[in-house]
Each structure stands twice: as C-alpha cells, then as structure tokens.
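Visitor: Here it is, the structure, as structure tokens.
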Amino acid sequence: MDKQTIERVKIGLVNPEIGPETIALMLTKACNLRCLYCLGGKTVSSDLASDISTEDLFRLLRDASEFKVKDINLGGFLGEPFCRKDIIDIMQEIKRLGLRGTMTTNGSFLNSEIAKFMTDCGWDIMRISLDSADASIQHILRPAINQKPYFQNIVEFLDTLQRINSKVRIILNVVISKNNFRNLPSLIEFANSYKNIEFLDVLKLMNTELSNYDDLQLNTEELKEFTSILVMLKNEKKLGYQDNWGKLEDLENGNLQNAADIEFKTSNQGDFKRCFVNYYILSIDTNGEIMKCPQYQMGMPGFNIKNTSLVTLWQDELLRFRQSLTENAPCYKKCCTILRKENELIMDNLY
Ligand SMILES: C[S@@+](CC[C@H](N)C(=O)[O-])C[C@H]1O[C@@H](n2cnc3c(N)ncnc32)[C@H](O)[C@@H]1O
Ligand code: SF4
Ligand code: SF4
C-alpha cells in the first residue's frame, strides 16, 4: 500500500465523491483445474450462466473509469478468469478505458498469442499461480480436470514475453505446502531467468477447513526447515513474503514463536478494530453482488451492480456500511494478516 492510497482514503472518509481505488472483480466460479488446496476448485460448478454478463461488466467498467477508479483486479478469489469466453474483450476494454489491469490466473490457458495480445494492449500485471519449476510437482498440486499437462504453456508465455521485450509485469503466486517447500530455491532460479518476473509472492496455505489440510500443511520440523530456506534465500531480490512467515530477524534466530501466525490461522486478536479496506477496494462477486470485503466472499444481498450504477451504490447505498466498519469492524479478529496490516497503516496515518 502506498502513500497515495492512504491519502485517497483520508479524503474519501469525508467525501463520497471519491470512489474506490481498486475494483476486485470475480469473473467466474468455473475452473478447469482442481488444485488440492483450493476449496473453490472442489465446489465450483462449471456453469457460466450465472456469471455477470459482458454488457453489465462493460457498463461497470465505464462507470469505474468515469469515477476515477485506478485498478481493476480480475479473478483473485475463486475460479479461473480464462474460463470466460469474453476474457480477451474484457481485458481489452479495461485498457481501452485507461484503467490499470491486474489478473490472477492458473496459467493453463497462456500461450505465445496471449503474450503478444497482452503486450499490445498494454496489460499491466499478471499473477501466475506457479508452485514449482518442476512440471510434475505443479501438476500434482494443481491438476487439470482433463489431466492434460499445461506447465509448458506457462513457459511458452514467459519465453514470448522475454523474446518480444514485453513490458507486462509478472508476479508468481506460490502456495507453500509439503509437496513444494523444498523446491523454492529452484523456483527462484527459474524466476531469475525471466526479466518480466518481478518477484515470487510466497503464500501460506490458508483454510484450515480443507479436509486434506494436514496432508498439505508443514509440520513443525518442516516449518523449521522451510524458514531456514527462507533465511538462506534472503538476499534473493525476487523473494517476496511480506513478513507473512514472520520477521526475518525472528526466522534467523530460529525464533518461530515470535514469527507471526505460525499456526497459519487468521488472527485471533480480541479487540474490535476499525476497517478502512472498503474505502479503497470494492469487491464484486461473479453475479454482480457487492461483497463485504476482499477477504470474505460474503455477498451483500440487494447491493448489485446489475441494478444500480456504481456511483449510486458507492455514494448512497454502501455509504453507511463503509462508515459502520470504520467505527467497529466485528470481523477484524478474523481478518488476514495483510489486510490487518494495511488497516493498521491507515490508522497510524490518520491520527
Ligand atoms: C483461488 S485462485 C483464483 C485465480 C486462479 N484460478 C489461480 O489459480 O490463479 C487465487 C490464488 O489463491 C491461491 N489459493 C488457492 N487456495 C489457497 C489456499 N488454500 N491457501 C492459500 N492460497 C490459495 C491460488 O494458488 C491462487 O494463487
Ligand atoms: S486454478 Fe485457481 S480457482 Fe481453480 S482450483 Fe486452482 S486455485 Fe482454485
Ligand atoms: S476487518 Fe478484515 S475481514 Fe473485516 S471487512 Fe475489513 S478487511 Fe474484511
């Protein structure tokens, strides 16, 4: 989070004319993979009929551009954006309107043609979910429903970006589990061979409700080994882990107790705190319904961008909801580390 976002929130708190900075759009719940750790992957249907229509999406994007939204973030929660047939048109429209585009994708649909299209349309950031530079490990953790290997599609995409000197920025999302934690050094090496790859976002396995959670999650010994791998890689420029494995000095001292969220659970901080996230990110579900926040996929029935313009929703209908969270966010104790940190940063800057 940069200073500009904080400034925008400060002004937005007293002036509803200031719209959200980012719109996070869930485009579809359909997915062609069944990743072992993704609850969505096991439950999502492949029915695209309930997804928001292209027409409604385009109207929203035009509203967003007029409302001075800066970023459109596609597909960060569930489902695979490339399962939508109109995905290329959506990306093109985002860039035509001068918005900044970020997408999270499983990478299986990527290829040389898409690399060229993204370069030509000026797409900004692509987060590719890649857990290992070893294709067989990637396919074990993130298998395709049709069992077809797709690792090579990601390589073809990255090779093309490199060859055509593309400006598209790539971030690799890496979820750490028993199957891949020892491969992090080779994945860093892989990333170092591509200049478009900015960094690896090394993510913790979340969701303790997964039935196979214990089969995937690192045990205490493995966690110790993994933190020593992180310490060994500390000078690698492309390693990114946002303190979500604990502070480096704690890891270096082997002090796992002090490393944040060691049990991989969300915070159980007791006191109710205030939340400003809905002042800079507006999250929208696949059916057009507004969601409570980027972390929880809880819709707010009645608040739907299909029936109401973005500006009306923001300025009239959602206003009290946003204000109530800045007084007391009851969900704060279940909030994830990153959003909690962002909230604390805003609070520190407000007073
Ligand atoms: C749910 S996916 C949606 C976008 C796209 N289908 C993809 O896989 O990139 C978004 C990100 O969440 C990550 N993810 C899924 N399940 C997770 C879990 N249990 N813990 C941590 N990250 C998870 C994925 O690896 C991916 O990087
Ligand atoms: S590709 Fe993404 S949405 Fe699909 S199952 Fe995997 S993590 Fe979940
Ligand atoms: S406190 Fe956290 S969980 Fe609650 S609305 Fe804010 S960001 Fe979402």
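Residues in the structure tokens are numbered from 1 in each chain, the chains being A, B, ... in the order shown, and ligands are numbered from 1 in the order shown.
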For A:Asp214, find every residue with an atom within 10 Å (counting only C-alpha atoms), except residues of its own chain fewer than 6 positions away, and show them as a VMD selection string.
Guide: chain A and resid 177 to 178 208
Visitor: When you look at A:Met232 with a cut-off of 12 Å (counting only C-alpha atoms), what residues show up, excluding the ones that are within fewer than 6 positions of it in the same chain? I need them as a VMD selection string.
Guide: chain A and resid 184 to 185 225 to 226 239 248 251 to 252
Visitor: Restricted to N, CA and C atoms, what would the selected residues look like written as an mmCIF file, in the first residue's frame?
Guide:
data_model
loop_
_atom_site.group_PDB
_atom_site.id
_atom_site.type_symbol
_atom_site.label_atom_id
_atom_site.label_comp_id
_atom_site.auth_asym_id
_atom_site.auth_seq_id
_atom_site.Cartn_x
_atom_site.Cartn_y
_atom_site.Cartn_z
ATOM 1 N N LEU A 184 11.605 -24.269 -3.436
ATOM 2 C CA LEU A 184 11.614 -22.809 -3.577
ATOM 3 C C LEU A 184 12.910 -22.286 -4.231
ATOM 4 N N PRO A 185 14.098 -22.802 -3.833
ATOM 5 C CA PRO A 185 15.318 -22.296 -4.487
ATOM 6 C C PRO A 185 15.286 -22.492 -6.006
ATOM 7 N N GLU A 225 12.611 -26.250 8.728
ATOM 8 C CA GLU A 225 13.438 -26.408 7.524
ATOM 9 C C GLU A 225 13.094 -25.313 6.515
ATOM 10 N N PHE A 226 11.806 -25.033 6.378
ATOM 11 C CA PHE A 226 11.404 -24.030 5.383
ATOM 12 C C PHE A 226 11.891 -22.633 5.775
ATOM 13 N N LEU A 239 12.597 -12.722 -4.016
ATOM 14 C CA LEU A 239 11.846 -13.406 -2.964
ATOM 15 C C LEU A 239 10.926 -12.399 -2.273
ATOM 16 N N LEU A 248 12.148 -11.441 9.400
ATOM 17 C CA LEU A 248 13.387 -12.125 9.048
ATOM 18 C C LEU A 248 14.292 -12.335 10.263
ATOM 19 N N LEU A 251 13.191 -15.260 12.133
ATOM 20 C CA LEU A 251 13.494 -16.507 11.423
ATOM 21 C C LEU A 251 14.981 -16.839 11.545
ATOM 22 N N GLU A 252 15.819 -15.783 11.445
ATOM 23 C CA GLU A 252 17.268 -16.002 11.533
ATOM 24 C C GLU A 252 17.672 -16.529 12.898
#
Visitor: Figure out the distance between atom CA of A:Cys331 and atom 15 (C, counted along the ligand's line) of ligand 1, please, to one decimal in Å.
Guide: 21.2 Å
Visitor: Please extract the residues at most 7 Å from ligand 3, counting only C-alpha atoms and all ligand atoms, and provide them as a ChimeraX atom specification, using the chain letters and residue numbers of this document.
Guide: /A:274-277,292-296,325,329-332,334-336,339-340
Visitor: Counting only C-alpha atoms and all ligand atoms, which residues in chain A sit no more than 9 Å from ligand 2? For each one, give the nearest pair of atoms and the distance in Å, sorted by chain then residue number, as a Markdown table.
Guide:
| residue | atom | partner | partner_atom_place_in_ligand_line | distance |
| --- | --- | --- | --- | --- |
| A:Lys29 | CA | ligand 2 | 3 (S) | 7.4 |
| A:Ala30 | CA | ligand 2 | 4 (Fe) | 7.6 |
| A:Cys31 | CA | ligand 2 | 4 (Fe) | 4.7 |
| A:Asn32 | CA | ligand 2 | 4 (Fe) | 6.4 |
| A:Leu33 | CA | ligand 2 | 4 (Fe) | 4.8 |
| A:Arg34 | CA | ligand 2 | 5 (S) | 4.2 |
| A:Cys35 | CA | ligand 2 | 6 (Fe) | 4.2 |
| A:Leu36 | CA | ligand 2 | 5 (S) | 7.5 |
| A:Tyr37 | CA | ligand 2 | 7 (S) | 7.3 |
| A:Cys38 | CA | ligand 2 | 8 (Fe) | 4.6 |
| A:Leu39 | CA | ligand 2 | 8 (Fe) | 6.9 |
| A:Gly40 | CA | ligand 2 | 8 (Fe) | 5.3 |
| A:Gly41 | CA | ligand 2 | 5 (S) | 3.4 |
| A:Lys42 | CA | ligand 2 | 5 (S) | 6.9 |
| A:Val44 | CA | ligand 2 | 3 (S) | 8.4 |
| A:Gly75 | CA | ligand 2 | 3 (S) | 8.4 |
| A:Gly76 | CA | ligand 2 | 2 (Fe) | 8.4 |
| A:Phe77 | CA | ligand 2 | 3 (S) | 7.2 |
| A:Leu78 | CA | ligand 2 | 3 (S) | 4.4 |
| A:Gly79 | CA | ligand 2 | 3 (S) | 3.8 |
| A:Glu80 | CA | ligand 2 | 3 (S) | 5.4 |
| A:Pro81 | CA | ligand 2 | 3 (S) | 8.8 |
| A:Thr104 | CA | ligand 2 | 2 (Fe) | 8.3 |
| A:Thr105 | CA | ligand 2 | 2 (Fe) | 6.8 |
| A:Asn106 | CA | ligand 2 | 1 (S) | 4.7 |
| A:Gly107 | CA | ligand 2 | 1 (S) | 8.3 |
| A:Ser108 | CA | ligand 2 | 1 (S) | 8.5 |
| A:Ser129 | CA | ligand 2 | 7 (S) | 7.6 |
| A:Leu141 | CA | ligand 2 | 6 (Fe) | 8.8 |
| A:Arg142 | CA | ligand 2 | 6 (Fe) | 6.0 |
| A:Pro143 | CA | ligand 2 | 6 (Fe) | 8.1 |
| A:Ala144 | CA | ligand 2 | 1 (S) | 8.4 |
Visitor: Go ahead and write the residues just picked, C-alpha atoms, as a PDB file, in the first residue's frame.
Guide:
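The resulting file, part16.pdb, is shown below:
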ATOM      1  CA  LYS A  29     -16.594 -19.554 -10.379  1.00  0.00           C
ATOM      2  CA  ALA A  30     -15.803 -22.004 -13.150  1.00  0.00           C
ATOM      3  CA  CYS A  31     -12.365 -23.563 -13.194  1.00  0.00           C
ATOM      4  CA  ASN A  32     -10.542 -26.129 -15.320  1.00  0.00           C
ATOM      5  CA  LEU A  33      -8.176 -27.182 -12.526  1.00  0.00           C
ATOM      6  CA  ARG A  34      -8.783 -28.931  -9.218  1.00  0.00           C
ATOM      7  CA  CYS A  35      -5.944 -27.693  -7.044  1.00  0.00           C
ATOM      8  CA  LEU A  36      -5.509 -29.837  -3.944  1.00  0.00           C
ATOM      9  CA  TYR A  37      -5.705 -26.876  -1.586  1.00  0.00           C
ATOM     10  CA  CYS A  38      -8.430 -24.827  -3.209  1.00  0.00           C
ATOM     11  CA  LEU A  39     -11.853 -25.321  -1.703  1.00  0.00           C
ATOM     12  CA  GLY A  40     -13.305 -23.429  -4.630  1.00  0.00           C
ATOM     13  CA  GLY A  41     -11.768 -25.909  -7.013  1.00  0.00           C
ATOM     14  CA  LYS A  42     -13.755 -28.715  -5.440  1.00  0.00           C
ATOM     15  CA  VAL A  44     -17.311 -24.573  -8.084  1.00  0.00           C
ATOM     16  CA  GLY A  75     -10.003 -13.235 -10.545  1.00  0.00           C
ATOM     17  CA  GLY A  76      -8.198 -13.126  -7.232  1.00  0.00           C
ATOM     18  CA  PHE A  77     -10.673 -15.241  -5.218  1.00  0.00           C
ATOM     19  CA  LEU A  78     -12.127 -18.265  -6.929  1.00  0.00           C
ATOM     20  CA  GLY A  79     -12.443 -19.581 -10.445  1.00  0.00           C
ATOM     21  CA  GLU A  80     -10.291 -19.071 -13.495  1.00  0.00           C
ATOM     22  CA  PRO A  81     -10.758 -15.833 -15.487  1.00  0.00           C
ATOM     23  CA  THR A 104      -4.589 -13.766 -11.232  1.00  0.00           C
ATOM     24  CA  THR A 105      -4.590 -16.871 -13.418  1.00  0.00           C
ATOM     25  CA  ASN A 106      -3.715 -20.520 -13.114  1.00  0.00           C
ATOM     26  CA  GLY A 107      -1.651 -20.107 -16.292  1.00  0.00           C
ATOM     27  CA  SER A 108      -3.041 -23.134 -18.090  1.00  0.00           C
ATOM     28  CA  SER A 129      -0.033 -19.371  -9.804  1.00  0.00           C
ATOM     29  CA  LEU A 141      -0.649 -29.913  -6.697  1.00  0.00           C
ATOM     30  CA  ARG A 142      -2.688 -28.209  -9.391  1.00  0.00           C
ATOM     31  CA  PRO A 143      -4.065 -30.907 -11.705  1.00  0.00           C
ATOM     32  CA  ALA A 144      -6.272 -30.156 -14.701  1.00  0.00           C
TER      33      ALA A 144
END
Visitor: Find the spatial neighbours of stretch 179-182 of chain A, counting only C-alpha atoms, within a cut-off of 12 Å - ignore same-chain residues fewer than 4 positions away - and output them as an MDAnalysis selection string.
Guide: chainID A and resid 36:37 130:142 174:175 186:188 202:205 215:219 222:230 233
Visitor: Where in stretch 2-194 of chain A does DSSP assign alpha helix (DSSP H), given as a ChimeraX atom specification?
Guide: /A:3-14,39-43,54-66,87-96,112-121,135-141,151-163,184-192
Visitor: Find the residues around A:Leu99 up to 8 Å (only C-alpha atoms counted), leave out those fewer than 2 positions away in its own chain, and share them as a list in words.
Guide: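 So the residues in contact are Ser65, Val69, Lys70, Asp71, Ile72, Ile94, Lys95, Arg96, Leu97 and Gly101 of chain A.
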Visitor: Neighbours of stretch 49-58 of chain A within 10 Å (only C-alpha atoms; same-chain residues fewer than 3 positions away dropped), as a PDB file with C-alpha atoms, in the first residue's frame?
Guide:
ATOM      1  CA  LEU A  25     -13.877  -8.481  -9.815  1.00  0.00           C
ATOM      2  CA  MET A  26     -14.613 -12.157  -9.513  1.00  0.00           C
ATOM      3  CA  LEU A  27     -15.429 -13.015 -13.093  1.00  0.00           C
ATOM      4  CA  THR A  28     -16.496 -16.641 -12.792  1.00  0.00           C
ATOM      5  CA  LYS A  29     -16.594 -19.554 -10.379  1.00  0.00           C
ATOM      6  CA  ALA A  30     -15.803 -22.004 -13.150  1.00  0.00           C
ATOM      7  CA  SER A  46     -18.584 -25.106 -14.474  1.00  0.00           C
ATOM      8  CA  LEU A  61     -16.020  -0.592 -16.347  1.00  0.00           C
ATOM      9  CA  ARG A  62     -17.192   2.627 -17.995  1.00  0.00           C
ATOM     10  CA  ASP A  63     -18.660   3.811 -14.654  1.00  0.00           C
ATOM     11  CA  ALA A  64     -15.371   2.895 -12.965  1.00  0.00           C
ATOM     12  CA  ARG A  84     -14.841 -16.876 -19.614  1.00  0.00           C
ATOM     13  CA  LYS A  85     -15.171 -16.786 -23.368  1.00  0.00           C
ATOM     14  CA  ASP A  86     -15.102 -12.966 -23.399  1.00  0.00           C
ATOM     15  CA  ILE A  87     -11.940 -12.616 -21.310  1.00  0.00           C
ATOM     16  CA  ASP A  89     -12.635  -8.486 -24.779  1.00  0.00           C
ATOM     17  CA  ILE A  90     -12.795  -7.664 -21.058  1.00  0.00           C
ATOM     18  CA  GLU A  93     -11.904  -2.845 -22.650  1.00  0.00           C
ATOM     19  CA  ILE A  94     -10.095  -2.287 -19.333  1.00  0.00           C
ATOM     20  CA  ASP A 285     -18.914 -11.324  -6.876  1.00  0.00           C
ATOM     21  CA  THR A 286     -19.446 -13.261 -10.131  1.00  0.00           C
ATOM     22  CA  ASN A 287     -23.185 -12.432 -10.114  1.00  0.00           C
ATOM     23  CA  GLY A 288     -22.597  -8.698  -9.684  1.00  0.00           C
ATOM     24  CA  GLU A 289     -23.270  -8.667  -5.940  1.00  0.00           C
ATOM     25  CA  ILE A 305     -24.121  -3.546  -9.799  1.00  0.00           C
ATOM     26  CA  LYS A 306     -26.543  -5.148 -12.279  1.00  0.00           C
ATOM     27  CA  ASN A 307     -29.405  -2.956 -10.999  1.00  0.00           C
TER      28      ASN A 307
END
Visitor: Would you give me, as number ranges by chain, the residues in stretch 152-192 of chain A that DSSP reads as strand (DSSP E)?
Guide: A: 169-175
Visitor: Between A:Lys148, A:Lys234, A:Arg59, A:Arg100, which residue has the minimum interatomic distance to A:Arg169, considering only C-alpha atoms?
Guide: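 Checking each of A:Lys148, A:Lys234, A:Arg59, A:Arg100 against A:Arg169, counting only C-alpha atoms, the winner is A:Arg100.
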Visitor: With distances taken over only C-alpha atoms and all ligand atoms, which residue among A:Val231, A:Leu282, A:Ile171, A:Ile128 lies nearest ligand 1?
Guide: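 Among the listed residues, the smallest separation from ligand 1 belongs to A:Ile128.
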